[in-house]
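Student: Okay, handing you the structure first.
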Amino acid sequence: VYNFAAGPATLPDPVIKQIQEELPSINGSGMSIMEISHRSALFDDIINAAEQDVRELMHVPDNYHVLFFQGGGTGQFAAVPMNLATNHHKIALLDSGHWATKAGDEATNLGYQVDVLASTKDQHYQALPHANTPISAQDYDYLHITTNNTIEGTAYHELPEHGDVTLVGDLSSNFMAENYNVSDFGLIFGGVQKNLGPAGVTLVIVRDDLVKPVEHIPSILNYNLFVKKNSMYNTPPVFNIYATGLVLKWLKEQGGIEGIEQVNRQKAALLYDFLDDSKLFANHIKPSDRSLTNVPFTTGDAAVDKEAITAATDAGLMNLKGHRSVGGLRASLYNAMPLAGVQALVDFLHNFEKQH
Ligand code: PLP
């Protein structure tokens, strides 16, 4: 089957095979990766290699830390304000959809002021918001953006204007699927469960000068502690970091982010071209803002959409149901989805259209 789920999502076949083979005994130790101590030399090698591969793949500058957390993107909705909004306690936000709203709500709940600079809510988030007036670091600790909007199907391919304000990016759904310059951000974060591994690891890449001692915040979300302890303040998700490391090695074999982005562009173009030609299905996102990784589409008739989803499932094209807030269908085309999977989807949709 081909799995078009929005996350957790499909993993590369060779990685699944390697995990199967290595599960009883890691590196000839006679112990499973799920059984070894995070304080062992064996695991040190695994986490250090994963960090090194993140650095190589994203060309992370030396003045940035690469950290492994738990708690997902949602954990970072709390961690980022608590660690970074220490000066003005004020955050700027571009409201591009569900996950940007969630991030803003969590910061508000924790007592920070969140100013929404622009929102495309009244356009059903089918285009991306951009601030109309310049912003300044004298007013805001940072600007929060969601680079890829998983539910709505938009992505910033060019980063929005942010003056001298630190940019924070939630890359949860296009982390290493599309190239961004780490140095354009003060901090980026995302769970790995869409493009980079099994759920349970949250990657944070943060510029050194933004990491400082902060009092009265939970240790589990404290960047300064995690830097000092090499992401092992407490027991890390050992298996998940190992599996993420394998996906990173696989990604390097695909030509890194540059290589996979080319494939991702081909995959997305194949589906968008079909949808733009179709008389039954349509994607309603502003073309320049279309996501490479999440493609929502609809017939405009909920009953026909449902019929298409059921028939697709029968044909082995799984998890195409759109998010309940958007409806219709959604195909998530993350890194591990092969071009052949998208071709199979397009062939299916084409045949379905002929019959309707
Ligand atoms: N941000 C974006 C863009 C997402 O797509 C998601 C989840 O799908 C989240 C944040 C929340 O991430 P998590 O489930 O890892 O907490």
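Residues are referred to by chain and number: the chain letter is A, B, ... according to the order shown in the structure tokens, the number counts from 1 in that chain, and ligands are numbered separately from 1 in the order shown.
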Each residue of chain A lying at most 6 Å from ligand 1 should get a row with its shortest atom-to-atom pair and the distance in Å to one decimal, counting only C-alpha atoms and all ligand atoms; could you produce that, ordered by chain and increasing number, as CSV?

Tutor:
```
residue,atom,partner,partner_atom_place_in_ligand_line,distance
A:Gly72,CA,ligand 1,15 (O),3.3
A:Gly73,CA,ligand 1,12 (O),3.7
A:Thr74,CA,ligand 1,16 (O),3.6
A:Trp99,CA,ligand 1,1 (N),5.0
A:Thr146,CA,ligand 1,3 (C),5.9
A:Asn148,CA,ligand 1,3 (C),6.0
A:Asn149,CA,ligand 1,3 (C),5.3
A:Thr150,CA,ligand 1,5 (O),4.7
A:Asp170,CA,ligand 1,1 (N),5.9
A:Ser172,CA,ligand 1,3 (C),4.7
A:Ser173,CA,ligand 1,5 (O),5.2
A:Gly191,CA,ligand 1,15 (O),4.5
```

Student: Take the residues from that selection and put them in a file with C-alpha atoms, as a short mmCIF file (atom, residue, chain, number, x, y, z; two decimals), in the first residue's frame.

Tutor:
```
data_model
loop_
_atom_site.label_atom_id
_atom_site.label_comp_id
_atom_site.auth_asym_id
_atom_site.auth_seq_id
_atom_site.Cartn_x
_atom_site.Cartn_y
_atom_site.Cartn_z
CA GLY A 72 6.51 17.14 19.97
CA GLY A 73 5.86 20.43 18.25
CA THR A 74 3.24 21.03 20.92
CA TRP A 99 -0.94 25.09 14.02
CA THR A 146 4.70 27.87 10.49
CA ASN A 148 4.41 24.48 6.17
CA ASN A 149 0.75 24.34 7.11
CA THR A 150 0.00 20.65 7.30
CA ASP A 170 7.77 25.54 13.14
CA SER A 172 7.11 20.16 11.73
CA SER A 173 5.74 19.19 8.32
CA GLY A 191 8.64 16.59 15.53
#
```

Student: Sorted by chain and rising residue number, which residues of region 145-213 of chain A lie within 7 Å of region 221-243 of chain A, and what are their closest atom pairs and distances in Å to one decimal, counting only C-alpha atoms, as JSON lines?

Tutor:
```
{"residue": "A:Gly197", "atom": "CA", "partner": "A:Ala243", "partner_atom": "CA", "distance": 6.1}
{"residue": "A:Pro198", "atom": "CA", "partner": "A:Asn240", "partner_atom": "CA", "distance": 6.0}
{"residue": "A:Gly200", "atom": "CA", "partner": "A:Asn240", "partner_atom": "CA", "distance": 6.2}
{"residue": "A:Val201", "atom": "CA", "partner": "A:Asn240", "partner_atom": "CA", "distance": 6.3}
{"residue": "A:Val211", "atom": "CA", "partner": "A:Asn224", "partner_atom": "CA", "distance": 5.6}
{"residue": "A:Lys212", "atom": "CA", "partner": "A:Asn224", "partner_atom": "CA", "distance": 5.7}
{"residue": "A:Pro213", "atom": "CA", "partner": "A:Asn224", "partner_atom": "CA", "distance": 5.7}
```

Student: Atoms to include: N, CA and C atoms. Write the selected residues as a short mmCIF file (atom, residue, chain, number, x, y, z; two decimals), in the first residue's frame.

Tutor:
```cif
data_model
loop_
_atom_site.label_atom_id
_atom_site.label_comp_id
_atom_site.auth_asym_id
_atom_site.auth_seq_id
_atom_site.Cartn_x
_atom_site.Cartn_y
_atom_site.Cartn_z
N GLY A 197 11.37 10.35 10.89
CA GLY A 197 11.49 9.24 11.83
C GLY A 197 10.19 8.93 12.53
N PRO A 198 10.24 8.04 13.53
CA PRO A 198 9.03 7.71 14.28
C PRO A 198 8.72 8.78 15.32
N GLY A 200 8.16 10.80 18.61
CA GLY A 200 8.84 10.66 19.90
C GLY A 200 10.09 11.51 20.00
N VAL A 201 10.55 12.03 18.88
CA VAL A 201 11.73 12.91 18.88
C VAL A 201 11.30 14.27 18.35
N VAL A 211 20.29 31.00 23.81
CA VAL A 211 20.23 30.01 24.89
C VAL A 211 20.84 30.61 26.15
N LYS A 212 19.99 30.78 27.16
CA LYS A 212 20.48 31.39 28.40
C LYS A 212 19.78 30.76 29.60
N PRO A 213 20.36 30.91 30.78
CA PRO A 213 19.66 30.35 31.95
C PRO A 213 18.34 31.07 32.16
#
```

Student: Leaving out region 291-302 of chain A and any residue of its chain fewer than 5 positions from it, which residues lie within 7 Å of it when counting only C-alpha atoms, given as a list in words?

Tutor: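 Here the qualifying residues turn out to be Asn148, Thr150, Glu152, Gly153, Thr154, Ala155, Asn174, Asn264, Arg265, Ala268, Leu280, Phe281, Ala282, Asn283, Gly322, Gly328, Leu329, Arg330, Ala331, Ser332, Leu333 and Tyr334 of chain A.
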
Student: What lies within 8 Å of Phe175 (chain A) using only C-alpha atoms, ignoring chain neighbours under 5 positions off, as an mmCIF file with N, CA and C atoms, in the first residue's frame?

Tutor:
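Written out: result-v1.cif:
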```
data_model
loop_
_atom_site.group_PDB
_atom_site.id
_atom_site.type_symbol
_atom_site.label_atom_id
_atom_site.label_comp_id
_atom_site.auth_asym_id
_atom_site.auth_seq_id
_atom_site.Cartn_x
_atom_site.Cartn_y
_atom_site.Cartn_z
ATOM 1 N N GLY A 190 10.618 20.990 15.245
ATOM 2 C CA GLY A 190 9.599 20.132 14.653
ATOM 3 C C GLY A 190 9.730 18.710 15.155
ATOM 4 N N VAL A 192 9.774 14.715 14.454
ATOM 5 C CA VAL A 192 10.365 14.038 13.293
ATOM 6 C C VAL A 192 9.361 13.146 12.559
ATOM 7 N N ASN A 195 8.670 13.572 8.271
ATOM 8 C CA ASN A 195 9.719 13.383 7.261
ATOM 9 C C ASN A 195 10.944 12.632 7.761
ATOM 10 N N LEU A 196 11.102 12.487 9.078
ATOM 11 C CA LEU A 196 12.429 12.107 9.574
ATOM 12 C C LEU A 196 12.491 10.947 10.543
#
```

Student: Out of A:Ile217, A:Ala100, A:Ile36, A:Ala137, which residue has the shortest atom-to-atom distance to Leu171 (chain A) when counting only C-alpha atoms?

Tutor: A:Ala100

Student: Work out how far apart CA of Met337 (chain A) and CA of Glu22 (chain A) are and give it in Å to one decimal.

Tutor: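 CA of Glu22 (chain A) lies 23.4 Å from CA of Met337 (chain A).
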
Student: Step one, run DSSP on the backbone; step two, keep only residues of region 165-228 of chain A assigned to strand (DSSP E or B); then write them as JSON, numbers by chain.

Tutor: {"A": [167, 168, 169, 170, 187, 188, 189, 190, 191, 202, 203, 204, 205, 206, 207]}

Student: Show me, as a list in words, the residues that have an atom within 10 Å of Gln254 (chain A) when counting only C-alpha atoms, minus same-chain residues fewer than 6 positions from it.

Tutor: Leu248, Ile260, Glu261, Val263 and Asn335 of chain A
